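A.B. asks: The structure that follows is given in the form of structure tokens.
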Amino acid sequence: MQVRVQSAAFDLGTESASFVASAAGAGAVVTFTGLVRDNGGRLAAMEIEHYPGMTEKAIAAIAEQAMARWSLADALVIHRHGRLAVGEPIMMVATAAPHRADAFAAAEFLMDYLKSRAPFWKKEIGADGVDWVAAKDEDEAALKRW
Amino acid sequence: MQVRVQSAAFDLGTESASFVASAAGAGAVVTFTGLVRDNGGRLAAMEIEHYPGMTEKAIAAIAEQAMARWSLADALVIHRHGRLAVGEPIMMVATAAPHRADAFAAAEFLMDYLKSRAPFWKKEIGADGVDWVAAKDEDEAALKRW
Amino acid sequence: MIEVLYFAWVRERIGLPRERVQTTAATVADLVAELSAREERYALAFADLASLRVALDQELSSFDAPLAGVREVAFFPPMTGG
Amino acid sequence: MIEVLYFAWVRERIGLPRERVQTTAATVADLVAELSAREERYALAFADLASLRVALDQELSSFDAPLAGVREVAFFPPMTGG
């Protein structure tokens, strides 16, 4: 299990390749990558604030829950903070499991918890001004399925 | 939408990176990769037979269904045939969408349909002999959720 | 004349990947009966239709489907892709 | 003495990322009441508790939780990770 919280950019290709290489024996690998969307050209950049210390702990706890709940060979979470340009990767999760159902379920679980339970706050810097992204009811509701 | 049926190996890292690069504007990218499992050391290789002509058509039809059903920016399916060594990638799907729920659902849908509706047949070449992989009831049942 | 294709263990049991068949069979089931009557290896391959699938002109179909106008019939076990 | 941290728009409204607070508050809600009574900017930041979350020593908690033994309290809006 690997958790990285960083301001540096990362490359989905490089991370995916090394995750698969280390997940020898697993039959199924799922990755999710979140990218800064341009919102129809209105977004210039995104700024992500986080709570150093708590962030790493919260993500590790979420990942440990996933490892305990599904039959996983490995899991990876990378989440960035700081200023990100449109199109840049914000975060990724990867899961490796003997079977696809476990790999998919664990990746969706990790995403649902990262959305609402990891201490990150997104601010959109756009043509129309600067705004904190509001939490969505549907993201909170998504936790109920687990 | 891209569909590739090939005997050549492919690299998850390279494919993921170029898929993300072409999916500009999407906020969410999901990939699934299937690898040859070693089944506790008993498997030497896997041989995949397919139905040239029908394979490409069946996969394109499945991918078009996914594009019509979810709000996707793009989708990719790569599936290999021929002889594959343990640990090698068998196939991958990738989906790009504005929102993560669509990217996940479409990737799972593609996997469920590829498992039971694309004309591939797997043969395991192992220490205990050579055996065609039997279709699983759970894979057929998985189609019912869509 | 119809092109008949066999895949996976159906191909192995019959011993051929494909053949051209002269037939007046009205349905897939009729064609299966004709082939099964030919030789033991066909009868063995077609012994349990529940474990077989059929495609007509590269589209999944069923054993009661008519063969009129069909150029290519393929018999194979349930697919195991992914 | 307790370390109090503010994030996102809570930090912006209060104008500070963190401060040390001398308090005898028994619960988080008591601490919020004390801070709100200090100055308008605190009262504004804490006006709607339903739109706030609190962590005690870096674990999510609730406004009725006791502060005994707690070294670090953080106030922030609902998280928007992922």
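Chains: A, B, ... in order of the structure tokens. Residues: from 1 per chain. Ligands: from 1, in order shown.
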Could you write out as a list in words the residues of chain B within 7 Å of chain A, counting only C-alpha atoms?

C.D. replies: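 Only these qualify: Leu12, Gly13, Thr14, Ser16, Ala17, Ala24, Gly25, Ala26, Gly27, Ala28, Val29, Val30, Thr31, Phe32, Thr33, Gly34, Leu35, Val36, Arg37, Asp38 and Gly87 of chain B.
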
A.B. asks: Identify, with DSSP run on backbone atoms, the residues in chain C assigned to helix (DSSP H, G or I), and express the list as a list in words.

C.D. replies: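 Taking chain C and keeping helix (DSSP H, G or I) gives Ala8, Trp9, Val10, Arg11, Glu12, Arg13, Ile14, Val28, Ala29, Asp30, Leu31, Val32, Ala33, Glu34, Leu35, Ser36, Ala37, Arg38, Glu40, Arg41, Tyr42, Ala43, Leu44, Ala45, Leu49, Ala50 and Ser51 of chain C.
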
A.B. asks: Those residues with N, CA, C and O atoms, as a short mmCIF file (atom, residue, chain, number, x, y, z; two decimals), in the first residue's frame please?

C.D. replies:
data_model
loop_
_atom_site.label_atom_id
_atom_site.label_comp_id
_atom_site.auth_asym_id
_atom_site.auth_seq_id
_atom_site.Cartn_x
_atom_site.Cartn_y
_atom_site.Cartn_z
N ALA C 8 -12.34 -23.09 -30.47
CA ALA C 8 -12.00 -23.64 -29.15
C ALA C 8 -12.19 -25.15 -29.13
O ALA C 8 -11.80 -25.83 -30.08
N TRP C 9 -12.84 -25.71 -28.08
CA TRP C 9 -12.90 -27.19 -28.04
C TRP C 9 -13.83 -27.78 -29.10
O TRP C 9 -13.73 -28.96 -29.43
N VAL C 10 -14.72 -26.99 -29.66
CA VAL C 10 -15.55 -27.48 -30.76
C VAL C 10 -14.66 -27.76 -31.97
O VAL C 10 -14.73 -28.82 -32.59
N ARG C 11 -13.77 -26.83 -32.24
CA ARG C 11 -12.79 -27.00 -33.33
C ARG C 11 -11.91 -28.23 -33.07
O ARG C 11 -11.67 -29.05 -33.97
N GLU C 12 -11.46 -28.38 -31.81
CA GLU C 12 -10.58 -29.52 -31.50
C GLU C 12 -11.31 -30.86 -31.64
O GLU C 12 -10.75 -31.82 -32.14
N ARG C 13 -12.57 -30.91 -31.19
CA ARG C 13 -13.32 -32.18 -31.28
C ARG C 13 -13.62 -32.56 -32.71
O ARG C 13 -13.53 -33.73 -33.10
N ILE C 14 -13.97 -31.54 -33.52
CA ILE C 14 -14.32 -31.83 -34.92
C ILE C 14 -13.05 -32.00 -35.76
O ILE C 14 -13.04 -32.73 -36.75
N VAL C 28 -30.63 -23.53 -37.76
CA VAL C 28 -29.35 -23.93 -37.18
C VAL C 28 -29.48 -25.34 -36.60
O VAL C 28 -28.61 -26.19 -36.82
N ALA C 29 -30.59 -25.60 -35.89
CA ALA C 29 -30.79 -26.91 -35.28
C ALA C 29 -30.80 -28.01 -36.34
O ALA C 29 -30.24 -29.10 -36.13
N ASP C 30 -31.39 -27.74 -37.51
CA ASP C 30 -31.40 -28.71 -38.61
C ASP C 30 -29.98 -28.98 -39.09
O ASP C 30 -29.60 -30.11 -39.38
N LEU C 31 -29.19 -27.93 -39.20
CA LEU C 31 -27.80 -28.08 -39.64
C LEU C 31 -27.01 -28.92 -38.63
O LEU C 31 -26.22 -29.79 -39.01
N VAL C 32 -27.23 -28.65 -37.33
CA VAL C 32 -26.56 -29.42 -36.27
C VAL C 32 -26.93 -30.91 -36.41
O VAL C 32 -26.06 -31.77 -36.30
N ALA C 33 -28.21 -31.18 -36.68
CA ALA C 33 -28.66 -32.57 -36.82
C ALA C 33 -27.99 -33.24 -38.01
O ALA C 33 -27.52 -34.37 -37.93
N GLU C 34 -27.91 -32.52 -39.12
CA GLU C 34 -27.24 -33.04 -40.33
C GLU C 34 -25.78 -33.37 -40.06
O GLU C 34 -25.30 -34.46 -40.42
N LEU C 35 -25.07 -32.41 -39.41
CA LEU C 35 -23.64 -32.61 -39.13
C LEU C 35 -23.45 -33.77 -38.16
O LEU C 35 -22.55 -34.60 -38.33
N SER C 36 -24.30 -33.82 -37.12
CA SER C 36 -24.16 -34.86 -36.09
C SER C 36 -24.35 -36.26 -36.69
O SER C 36 -23.75 -37.23 -36.22
N ALA C 37 -25.20 -36.34 -37.73
CA ALA C 37 -25.47 -37.63 -38.36
C ALA C 37 -24.29 -38.10 -39.21
O ALA C 37 -24.16 -39.28 -39.53
N ARG C 38 -23.40 -37.17 -39.58
CA ARG C 38 -22.26 -37.48 -40.45
C ARG C 38 -21.27 -38.46 -39.84
O ARG C 38 -20.92 -39.46 -40.42
N GLU C 40 -19.10 -39.55 -35.83
CA GLU C 40 -19.05 -39.53 -34.36
C GLU C 40 -18.47 -38.22 -33.80
O GLU C 40 -18.96 -37.68 -32.81
N ARG C 41 -17.39 -37.72 -34.42
CA ARG C 41 -16.75 -36.50 -33.88
C ARG C 41 -17.71 -35.30 -33.89
O ARG C 41 -17.68 -34.47 -33.00
N TYR C 42 -18.57 -35.23 -34.90
CA TYR C 42 -19.57 -34.15 -34.93
C TYR C 42 -20.61 -34.37 -33.83
O TYR C 42 -20.98 -33.45 -33.11
N ALA C 43 -21.06 -35.64 -33.73
CA ALA C 43 -22.08 -35.96 -32.72
C ALA C 43 -21.57 -35.61 -31.33
O ALA C 43 -22.30 -35.06 -30.49
N LEU C 44 -20.27 -35.91 -31.09
CA LEU C 44 -19.66 -35.60 -29.79
C LEU C 44 -19.59 -34.08 -29.55
O LEU C 44 -19.91 -33.59 -28.47
N ALA C 45 -19.18 -33.36 -30.57
CA ALA C 45 -19.04 -31.90 -30.42
C ALA C 45 -20.38 -31.24 -30.16
O ALA C 45 -20.47 -30.27 -29.40
N LEU C 49 -26.07 -29.04 -26.55
CA LEU C 49 -26.25 -27.72 -27.16
C LEU C 49 -26.26 -26.59 -26.13
O LEU C 49 -25.94 -25.44 -26.44
N ALA C 50 -26.63 -26.92 -24.87
CA ALA C 50 -26.65 -25.89 -23.83
C ALA C 50 -25.25 -25.33 -23.56
O ALA C 50 -25.11 -24.20 -23.10
N SER C 51 -24.22 -26.12 -23.91
CA SER C 51 -22.86 -25.64 -23.68
C SER C 51 -22.26 -25.04 -24.95
O SER C 51 -21.06 -24.80 -25.03
#

A.B. asks: If I take atom CA of Ala66 of chain B and atom CA of Ala106 of chain B, how far is one from the other in Å, to one decimal?

C.D. replies: 5.8 Å

A.B. asks: When you draw a straight line from atom CA of His50 of chain B to atom CA of Ala63 of chain B, how long is it in Å?

C.D. replies: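 So the two atoms, atom CA of His50 of chain B and atom CA of Ala63 of chain B, lie 17.9 Å apart.
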
A.B. asks: Mind checking which residues fall within 7 Å of segment 15-22 of chain D, counting only C-alpha atoms, ignoring those fewer than 2 positions away in the same chain, and posting them as a short mmCIF file (atom, residue, chain, number, x, y, z; two decimals) with C-alpha atoms, in the first residue's frame?

C.D. replies:
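Saved file part-v6.cif follows:
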data_model
loop_
_atom_site.label_atom_id
_atom_site.label_comp_id
_atom_site.auth_asym_id
_atom_site.auth_seq_id
_atom_site.Cartn_x
_atom_site.Cartn_y
_atom_site.Cartn_z
CA MET D 1 -3.55 26.14 25.60
CA ILE D 2 -4.99 24.64 22.47
CA GLU D 3 -3.79 24.95 18.87
CA VAL D 4 -6.68 26.05 16.62
CA LEU D 5 -6.40 25.67 12.83
CA TYR D 6 -8.61 27.11 10.10
CA PHE D 7 -8.82 25.94 6.48
CA ARG D 11 -9.27 30.57 7.25
CA GLU D 12 -10.04 33.40 4.83
CA ARG D 13 -12.92 34.78 6.92
#
